[in-house]
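Data first, discussion second: the structure below is written as structure tokens.
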Amino acid sequence: MGNCVSFSYSCDQTVDRIIRCLCGKGYIRNLKRNLKALEREMEDLKAIQDELQNKIAREEETQHQQRLKAVQVWLTRVESIDIRFNNLLHTSPVQLQKLCLCGLCSKNICLSYKYGRRVFLLLEEVKILKSEGNFEVVVQPSLTSDVEERPTRPTIGQEEMLEMAWNRLMEDGVGFMGLHGMGGVGKTTLFKKIHNRFAEIAGRFDVVIWVVVSQCTQISKLQEDIAQRLHLCDEAWKNKNEFDKATDIHRVLKRKRFVLMLDDIWEKVDLEAIGVPFPTRENRCKVAFTTRSRELCGRMGDHEPMQVNCLSQDEAWQLFKNKVGDNTLKRDTVIVELARKVAKKCCGLPLALNVIGETMSSKTTVQEWQHAIDVLTRSAAEFPDMENKILPVLKYSYYNLVDEHIKSCFLYCALFPEDKMIDKEGLIDYWICEGYIRECQVIKRAINKGYEILGTLIRANLLTEVGTHDVVMHDVVREMALWIASKFGKKKETFIVQANVGLHEIPKVKDWGEVRKMSLMNNSIEEITCSSKFSQLTTLFLQHNELKNLSGEFFRSMQQNLVVLDLSRNFVFNELPEQISELASLQFLDLSHTNIEQLPVGFLELKKLTQLNLTSTKRLYSMIGISKLSSLRILKLLNSNVHGDIILVKELQLLEHLQVLSITVSTELGLEQILGDQRLSNCITSLDIKDFRQKPFNISSLVSMENLRELWVVNSHVSEINTYMKCGESETMDSSSLHNLTCLCLTNLSIVRIVNCHNIKDLTWLLFAPNLVYLDITFSGEVEEIINKEKAINLTGVTHPFQNLEVLSLTSLPNLENIYWCPLPFPSLRRISAFGCSKLRKLPLNAMSVPRIDEFSIAMLPQKQETELEWEDEDTKNRFLPSFSEVIIFLIL
């Protein structure tokens, strides 16, 4: 009987458990219903998620704000639930097949119970999450960052390396981080991307300091760069020694959590001597650097540095294809196979892939590609180091240049500092005097030829174009150029280049007789009294130093061959020695932005001088005798203290070979004298009209200046040009006015500056300057509009203005209400600034006006004016509001 009782009790328990499963929460009998409900609720939840993400994306992009943390937590939970839902849904067919008795029971009750319970609980979670997804506000203002992002270009194959480097640098125990690799592998590009990441974590570090170190940089130069970032460079700073400067830097940095980023170091940087506190776990500071030497990483304190490797074969091929282009590769299937071999010869080095790919982009025959493979095979094998791996590859692009003069022009660019932007026009001026451009007798042709050479070098990827006016040479390419110029390292003193390295005196050289070209620009040299014999020196760059004295013996030591001498931007330099007369071969002399007061008598003996730049020599008081410089072709006097009066004009008329003239004119008689001489008038490329107050100055009088490119009008009364009548309605205009209006086409005019000019209400005449690039109007209180609608409509043959305009700068124009009456296309516009233009309420923009919005910026002062602007429509407002920038940026520029 005991067994019967036991059996009865066991059956009761089993039945009771089954009843609870079937009738309790209904995990099994409601499984189908719960699954369908879960699918519906998940669809609703995903729809809410999508709407929320779209809203976040719009507001983050247009308002430069960051999402709320609660919103991100909710989105993360949705993603987690979505994974769990997909797992349940994936097994649902198998689970439903286990049901029996019309879905009331299961063939495997335990498994079905557990599965049904998971479905039920997830359904409840989804319902709760849905109810919590109604966010009224999804973003908040981002924290501002003291990091100005550095421009970088798109890359291939660096994404993983970037994440690894960033994560390592952010580790608490890491104070030093080194990136090492061969030149041209992309270290600086990767480093810039790491630098820009700091802008995304505002508040974590007090200051991020970027310093380009490069070769031969001295402690004083590094201290100067760091001090600039810390705002320590006042007058007292300049008089301190290196020890005191280090003390100042240390005093500031020890109170900050800093990141010091040193790009391109070539030897150990002595942080203690500079004044930089060592990074520790306690102060949580960071020092990161790039170098080509792994050994140097260890000396700097990183014994586990990260190597930046070349691209994989697939990545290299993708980069190479992008550079060569489909048009070339699709011409012949054989070319594709040969191109793969050429890409392989580059061994994954991004710089080589770029340079060789660009060079080969115009090669359309199989034979040319086969020849390229032959040359690369002879020149480049493995990559043991810079000199026998990278340079031979780069050398191929150099030797592929078609002309020896173009090669000389390329090598010349190595005289400028690393990463230095080089002004195109100034570079061409050097080339002309050096004799690299054959068409030097006609300056305009020579300049055109110079631009053609620049185009060749840019297309060959040996130079990189930066904006409209500048180029830059990559530091690895520059090293290759110096290597070639020094006869492949055999005669290193042929080119002495120590630019921007903090020198205080001329470097020591074993044999001055070997030196052909020397560049010591952008240093701190105050005095040169060297009397060594520079018997072969042809080019000397001393610009942007702190020169106070040049001895006569120094000039006498290079009397035979010196052709180019640049002393510009030595702001305290005020006297040339008489011995300059002994520079018998001198053709180019730049004294711009110096304090020079007079030209010595011996100066007039420079019979071969063809280019003389005296721009912004504010203390120069006389040019008497300039007519004796019989070979002079280019003379620049813009903003000099010597103005174009009658006496000077008469001297200029005697310069038979003069072809380019920039000048300031402050008298009506002087301007009349220039305009009365068509040859002299045609020479003028830059003109500054200054202090014309008694007699109004008429812009239309300048139509005879066919080559005018830059016009300043300062402190002058400008007469209005009659643009009301169409050119055909001559009965209301005298013949002179009609002729001026008909012929007023300032085709070459690209820069216009109007400063402190009154009695003008508009500048509608700018319609006659179709190639205007830069427009600056300042302190002209009566200007009401830039282009007047009524006048513009009455003109014939004038299309949309400002098609080439890059910069529009408007300052202190209290009555300015309008720039143009309707939106305009601005295909080249990069910047609009409007400071002190309180009545300006609308910009001539619509959503399609500026195609390159990522390169465009607007600055206004007062900044509240931004919120008061009227916009063409909501799309225009949303497109341009993110383009507003901090005013301080433009005040510096």
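Note on naming: chains are A, B, ... as they come in the structure tokens, residues start from 1 per chain, ligands start from 1 in the order shown.
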Long-range neighbours of A:Val850 as a VMD selection string, 8 Å cut-off, only C-alpha atoms, 6 positions minimum in chain:
chain A and resid 825 to 829 856
Restricted to N, CA and C atoms, what would the selected residues look like written as a PDB file, in the first residue's frame?
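Contents of selection07.pdb, as written:
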```pdb
ATOM      1  N   PRO A 825      25.999  81.829 -58.493  1.00  0.00           N
ATOM      2  CA  PRO A 825      26.910  80.688 -58.416  1.00  0.00           C
ATOM      3  C   PRO A 825      28.315  81.180 -58.095  1.00  0.00           C
ATOM      4  N   PHE A 826      28.961  80.534 -57.124  1.00  0.00           N
ATOM      5  CA  PHE A 826      30.342  80.857 -56.752  1.00  0.00           C
ATOM      6  C   PHE A 826      31.174  79.583 -56.855  1.00  0.00           C
ATOM      7  N   PRO A 827      31.574  79.199 -58.052  1.00  0.00           N
ATOM      8  CA  PRO A 827      32.265  77.918 -58.210  1.00  0.00           C
ATOM      9  C   PRO A 827      33.613  77.837 -57.517  1.00  0.00           C
ATOM     10  N   SER A 828      34.238  79.009 -57.211  1.00  0.00           N
ATOM     11  CA  SER A 828      35.583  78.988 -56.626  1.00  0.00           C
ATOM     12  C   SER A 828      35.636  79.561 -55.215  1.00  0.00           C
ATOM     13  N   LEU A 829      34.527  80.031 -54.678  1.00  0.00           N
ATOM     14  CA  LEU A 829      34.538  80.769 -53.412  1.00  0.00           C
ATOM     15  C   LEU A 829      34.955  79.879 -52.242  1.00  0.00           C
ATOM     16  N   PHE A 856      34.681  75.742 -47.624  1.00  0.00           N
ATOM     17  CA  PHE A 856      34.110  77.092 -47.581  1.00  0.00           C
ATOM     18  C   PHE A 856      33.848  77.501 -46.137  1.00  0.00           C
TER      19      PHE A 856
END
```
Stretch 842-891 of chain A: residues DSSP assigns to strand (DSSP E or B), reported as a ChimeraX atom specification
/A:842,857-861,870,884
Requested write-out: C-alpha atoms of the selected residues, as a PDB file, in the first residue's frame:
```pdb
ATOM      1  CA  LYS A 842      21.421  88.607 -46.645  1.00  0.00           C
ATOM      2  CA  SER A 857      33.783  79.289 -44.484  1.00  0.00           C
ATOM      3  CA  ILE A 858      31.927  82.401 -43.360  1.00  0.00           C
ATOM      4  CA  ALA A 859      32.968  84.774 -40.574  1.00  0.00           C
ATOM      5  CA  MET A 860      30.915  87.685 -39.254  1.00  0.00           C
ATOM      6  CA  LEU A 861      31.441  90.231 -36.509  1.00  0.00           C
ATOM      7  CA  GLU A 870      17.902  86.147 -43.950  1.00  0.00           C
ATOM      8  CA  PHE A 884      30.402  79.829 -39.874  1.00  0.00           C
TER       9      PHE A 884
END
```
Record the distance separating atom CA of A:Val472 and atom CA of A:Leu457, expressed in Å with one decimal.
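It comes out at 10.9 Å.
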Please extract the residues of stretch 163-305 of chain A with a backbone DSSP assignment of helix (DSSP H, G or I) and present them as an NGL selection string.
:A and (163-169 or 187-200 or 219-230 or 235-238 or 242-253 or 271-274 or 294-300)
Do you know which residues are at most 12 Å from A:Asp762 counting only C-alpha atoms, after dropping those on the same chain fewer than 6 positions away, and could you put them as a VMD selection string?
chain A and resid 718 to 723 754 777 780 to 792 813 815 to 820
For the residues in that selection, give me C-alpha atoms as a PDB file, in the first residue's frame.
```
ATOM      1  CA  VAL A 718      36.710 107.530 -56.425  1.00  0.00           C
ATOM      2  CA  SER A 719      34.432 108.963 -59.078  1.00  0.00           C
ATOM      3  CA  GLU A 720      31.422 106.961 -60.186  1.00  0.00           C
ATOM      4  CA  ILE A 721      31.528 105.250 -63.563  1.00  0.00           C
ATOM      5  CA  ASN A 722      28.468 105.993 -65.640  1.00  0.00           C
ATOM      6  CA  THR A 723      26.985 102.572 -66.225  1.00  0.00           C
ATOM      7  CA  ILE A 754      39.394  99.374 -51.643  1.00  0.00           C
ATOM      8  CA  ILE A 777      36.569  96.517 -49.199  1.00  0.00           C
ATOM      9  CA  SER A 780      34.447 102.816 -46.872  1.00  0.00           C
ATOM     10  CA  GLY A 781      31.461 104.112 -44.958  1.00  0.00           C
ATOM     11  CA  GLU A 782      29.207 105.203 -47.824  1.00  0.00           C
ATOM     12  CA  VAL A 783      29.164 101.914 -49.732  1.00  0.00           C
ATOM     13  CA  GLU A 784      25.579 100.630 -49.766  1.00  0.00           C
ATOM     14  CA  GLU A 785      25.869  97.719 -52.170  1.00  0.00           C
ATOM     15  CA  ILE A 786      28.567  95.960 -54.150  1.00  0.00           C
ATOM     16  CA  ILE A 787      26.633  95.506 -57.399  1.00  0.00           C
ATOM     17  CA  ASN A 788      23.696  97.822 -58.135  1.00  0.00           C
ATOM     18  CA  LYS A 789      20.809  96.023 -59.838  1.00  0.00           C
ATOM     19  CA  GLU A 790      19.633  98.902 -62.020  1.00  0.00           C
ATOM     20  CA  LYS A 791      23.113  99.675 -63.312  1.00  0.00           C
ATOM     21  CA  ALA A 792      23.987  96.013 -63.876  1.00  0.00           C
ATOM     22  CA  LEU A 813      31.048  99.148 -44.045  1.00  0.00           C
ATOM     23  CA  ASN A 815      25.868 101.279 -44.686  1.00  0.00           C
ATOM     24  CA  LEU A 816      26.346  98.107 -46.731  1.00  0.00           C
ATOM     25  CA  GLU A 817      22.962  96.440 -47.224  1.00  0.00           C
ATOM     26  CA  ASN A 818      23.470  94.252 -50.248  1.00  0.00           C
ATOM     27  CA  ILE A 819      26.190  92.390 -52.156  1.00  0.00           C
ATOM     28  CA  TYR A 820      24.025  91.269 -55.054  1.00  0.00           C
TER      29      TYR A 820
END
```
Nearest residue to A:Gln313 from the set A:Cys285, A:Ile209, A:Gly157, A:Gln228 (distances using only C-alpha atoms)
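Among A:Cys285, A:Ile209, A:Gly157, A:Gln228, it is A:Gly157 that comes nearest to A:Gln313.
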Using only C-alpha atoms, which of the listed residues (A:Gly836, A:Pro801, A:Gly455, A:Pro814) sits closest to A:Leu766?
A:Pro801
Return the single residue from A:Glu224, A:Cys105, A:Lys245, A:Cys216 that is closest to A:Ile265, with distances computed using only C-alpha atoms.
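Among A:Glu224, A:Cys105, A:Lys245, A:Cys216, it is A:Cys216 that comes nearest to A:Ile265.
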One decimal, Å: what's the distance from atom CA of A:Lys114 over to atom CA of A:Arg40, could you say?
21.5 Å
Contacts of stretch 179-195 of chain A at 8 Å or less, counting only C-alpha atoms, minus same-chain residues fewer than 4 places along, as a count of residues only?
36
Per-residue nearest contacts stretch 530-633 of chain A to stretch 420-435 of chain A, cut-off 8 Å, using only C-alpha atoms, as JSON lines:
```
{"residue": "A:Val563", "atom": "CA", "partner": "A:Glu434", "partner_atom": "CA", "distance": 6.9}
{"residue": "A:Val564", "atom": "CA", "partner": "A:Cys433", "partner_atom": "CA", "distance": 7.2}
{"residue": "A:Gln587", "atom": "CA", "partner": "A:Cys433", "partner_atom": "CA", "distance": 6.0}
{"residue": "A:Phe588", "atom": "CA", "partner": "A:Cys433", "partner_atom": "CA", "distance": 6.2}
{"residue": "A:Thr610", "atom": "CA", "partner": "A:Cys433", "partner_atom": "CA", "distance": 7.5}
{"residue": "A:Gln611", "atom": "CA", "partner": "A:Cys433", "partner_atom": "CA", "distance": 7.8}
```
When you look at A:Val78 with a cut-off of 10 Å (counting only C-alpha atoms), what residues show up, excluding the ones that are within fewer than 5 positions of it in the same chain? I need them as a ChimeraX atom specification.
/A:42,45-46,49,72-73,83-84,125-126,129-130,133
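Going from atom CA of A:Asp645 over to atom CA of A:Leu669, you cover 7.1 Å.
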From A:Ser408, A:Thr778, A:Thr333, A:Gln441, residue lying nearest A:Val366 [only C-alpha atoms]:
A:Thr333
Of the candidates A:His231, A:Arg556, A:Arg438, A:Arg831, which one gets nearest to A:Val807 if we count only C-alpha atoms?
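Nearest to A:Val807: A:Arg831.
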Just want the 12 Å neighbourhood of A:Arg879, counted on only C-alpha atoms, with same-chain residues fewer than 5 positions away dropped. Output as a list in words.
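In the requested form, the answer reads Arg58, Glu61, Thr62, Gln63, Leu845, Asn846, Ala847, Met848, Ser849, Val850, Pro851, Arg852, Ile853, Asp854, Phe856, Ser857, Ile858, Trp871, Glu872, Asp873, Glu874 and Phe884 of chain A.
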Selected residues written out, N, CA and C atoms, as a PDB file, in the first residue's frame:
```pdb
ATOM      1  N   ARG A  58      20.752  64.286 -38.532  1.00  0.00           N
ATOM      2  CA  ARG A  58      20.471  65.639 -39.024  1.00  0.00           C
ATOM      3  C   ARG A  58      20.961  66.692 -38.044  1.00  0.00           C
ATOM      4  N   GLU A  61      24.810  66.893 -37.668  1.00  0.00           N
ATOM      5  CA  GLU A  61      25.477  67.465 -38.839  1.00  0.00           C
ATOM      6  C   GLU A  61      25.230  68.955 -38.951  1.00  0.00           C
ATOM      7  N   THR A  62      23.969  69.374 -38.756  1.00  0.00           N
ATOM      8  CA  THR A  62      23.630  70.780 -39.002  1.00  0.00           C
ATOM      9  C   THR A  62      23.929  71.679 -37.810  1.00  0.00           C
ATOM     10  N   GLN A  63      23.914  71.116 -36.592  1.00  0.00           N
ATOM     11  CA  GLN A  63      24.083  71.948 -35.406  1.00  0.00           C
ATOM     12  C   GLN A  63      25.413  71.717 -34.699  1.00  0.00           C
ATOM     13  N   LEU A 845      23.447  83.829 -51.655  1.00  0.00           N
ATOM     14  CA  LEU A 845      23.667  82.388 -51.704  1.00  0.00           C
ATOM     15  C   LEU A 845      22.349  81.637 -51.787  1.00  0.00           C
ATOM     16  N   ASN A 846      22.383  80.539 -52.481  1.00  0.00           N
ATOM     17  CA  ASN A 846      21.341  79.533 -52.350  1.00  0.00           C
ATOM     18  C   ASN A 846      22.014  78.176 -52.143  1.00  0.00           C
ATOM     19  N   ALA A 847      21.207  77.137 -52.056  1.00  0.00           N
ATOM     20  CA  ALA A 847      21.759  75.822 -51.710  1.00  0.00           C
ATOM     21  C   ALA A 847      22.762  75.309 -52.723  1.00  0.00           C
ATOM     22  N   MET A 848      22.767  75.876 -53.930  1.00  0.00           N
ATOM     23  CA  MET A 848      23.651  75.395 -54.996  1.00  0.00           C
ATOM     24  C   MET A 848      24.829  76.334 -55.261  1.00  0.00           C
ATOM     25  N   SER A 849      24.963  77.408 -54.491  1.00  0.00           N
ATOM     26  CA  SER A 849      25.934  78.451 -54.826  1.00  0.00           C
ATOM     27  C   SER A 849      27.381  77.993 -54.752  1.00  0.00           C
ATOM     28  N   VAL A 850      27.728  77.234 -53.707  1.00  0.00           N
ATOM     29  CA  VAL A 850      29.122  76.857 -53.464  1.00  0.00           C
ATOM     30  C   VAL A 850      29.241  75.341 -53.549  1.00  0.00           C
ATOM     31  N   PRO A 851      29.875  74.817 -54.591  1.00  0.00           N
ATOM     32  CA  PRO A 851      29.939  73.360 -54.742  1.00  0.00           C
ATOM     33  C   PRO A 851      30.826  72.677 -53.710  1.00  0.00           C
ATOM     34  N   ARG A 852      31.945  73.318 -53.328  1.00  0.00           N
ATOM     35  CA  ARG A 852      32.890  72.692 -52.392  1.00  0.00           C
ATOM     36  C   ARG A 852      32.657  73.230 -50.988  1.00  0.00           C
ATOM     37  N   ILE A 853      31.548  72.802 -50.387  1.00  0.00           N
ATOM     38  CA  ILE A 853      31.143  73.362 -49.102  1.00  0.00           C
ATOM     39  C   ILE A 853      32.129  73.005 -47.999  1.00  0.00           C
ATOM     40  N   ASP A 854      32.846  71.888 -48.130  1.00  0.00           N
ATOM     41  CA  ASP A 854      33.796  71.485 -47.093  1.00  0.00           C
ATOM     42  C   ASP A 854      35.012  72.408 -47.050  1.00  0.00           C
ATOM     43  N   PHE A 856      34.681  75.742 -47.624  1.00  0.00           N
ATOM     44  CA  PHE A 856      34.110  77.092 -47.581  1.00  0.00           C
ATOM     45  C   PHE A 856      33.848  77.501 -46.137  1.00  0.00           C
ATOM     46  N   SER A 857      34.045  78.797 -45.834  1.00  0.00           N
ATOM     47  CA  SER A 857      33.783  79.289 -44.484  1.00  0.00           C
ATOM     48  C   SER A 857      33.246  80.713 -44.538  1.00  0.00           C
ATOM     49  N   ILE A 858      32.496  81.050 -43.512  1.00  0.00           N
ATOM     50  CA  ILE A 858      31.927  82.401 -43.360  1.00  0.00           C
ATOM     51  C   ILE A 858      32.307  82.894 -41.971  1.00  0.00           C
ATOM     52  N   TRP A 871      17.766  84.044 -45.157  1.00  0.00           N
ATOM     53  CA  TRP A 871      18.243  83.025 -46.081  1.00  0.00           C
ATOM     54  C   TRP A 871      17.260  82.827 -47.218  1.00  0.00           C
ATOM     55  N   GLU A 872      17.764  82.399 -48.343  1.00  0.00           N
ATOM     56  CA  GLU A 872      16.921  82.190 -49.508  1.00  0.00           C
ATOM     57  C   GLU A 872      15.824  81.171 -49.203  1.00  0.00           C
ATOM     58  N   ASP A 873      16.165  80.122 -48.478  1.00  0.00           N
ATOM     59  CA  ASP A 873      15.191  79.108 -48.058  1.00  0.00           C
ATOM     60  C   ASP A 873      15.838  78.279 -46.954  1.00  0.00           C
ATOM     61  N   GLU A 874      15.090  77.305 -46.455  1.00  0.00           N
ATOM     62  CA  GLU A 874      15.579  76.499 -45.342  1.00  0.00           C
ATOM     63  C   GLU A 874      16.762  75.629 -45.754  1.00  0.00           C
ATOM     64  N   PHE A 884      29.967  78.688 -40.674  1.00  0.00           N
ATOM     65  CA  PHE A 884      30.402  79.829 -39.874  1.00  0.00           C
ATOM     66  C   PHE A 884      31.557  79.414 -38.976  1.00  0.00           C
TER      67      PHE A 884
END
```
Near A:Lys344, within 8 Å and counting only C-alpha atoms, which residues show up once chain neighbours fewer than 2 positions away are dropped, as a ChimeraX atom specification?
/A:313,316-317,340-342,346-348
Okay, now the selection with N, CA and C atoms, as an mmCIF file, in the first residue's frame?
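The new file part38.cif reads:
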```cif
data_model
loop_
_atom_site.group_PDB
_atom_site.id
_atom_site.type_symbol
_atom_site.label_atom_id
_atom_site.label_comp_id
_atom_site.auth_asym_id
_atom_site.auth_seq_id
_atom_site.Cartn_x
_atom_site.Cartn_y
_atom_site.Cartn_z
ATOM 1 N N GLN A 313 49.554 44.043 -51.046
ATOM 2 C CA GLN A 313 49.548 44.010 -52.511
ATOM 3 C C GLN A 313 48.212 44.479 -53.073
ATOM 4 N N ALA A 316 47.887 48.268 -52.467
ATOM 5 C CA ALA A 316 48.782 48.989 -53.375
ATOM 6 C C ALA A 316 48.214 49.025 -54.785
ATOM 7 N N TRP A 317 47.657 47.920 -55.229
ATOM 8 C CA TRP A 317 47.078 47.886 -56.569
ATOM 9 C C TRP A 317 45.883 48.831 -56.678
ATOM 10 N N ARG A 340 50.150 45.946 -63.159
ATOM 11 C CA ARG A 340 50.290 45.190 -61.919
ATOM 12 C C ARG A 340 51.762 44.978 -61.573
ATOM 13 N N LYS A 341 52.574 44.735 -62.593
ATOM 14 C CA LYS A 341 54.008 44.546 -62.367
ATOM 15 C C LYS A 341 54.665 45.850 -61.911
ATOM 16 N N VAL A 342 54.251 46.968 -62.528
ATOM 17 C CA VAL A 342 54.801 48.267 -62.120
ATOM 18 C C VAL A 342 54.416 48.573 -60.679
ATOM 19 N N CYS A 346 56.765 49.022 -56.875
ATOM 20 C CA CYS A 346 56.722 50.102 -55.877
ATOM 21 C C CYS A 346 56.718 49.561 -54.456
ATOM 22 N N CYS A 347 56.576 48.259 -54.311
ATOM 23 C CA CYS A 347 56.687 47.602 -52.992
ATOM 24 C C CYS A 347 55.754 48.193 -51.941
ATOM 25 N N GLY A 348 54.591 48.622 -52.371
ATOM 26 C CA GLY A 348 53.585 49.096 -51.423
ATOM 27 C C GLY A 348 53.852 50.450 -50.817
#
```
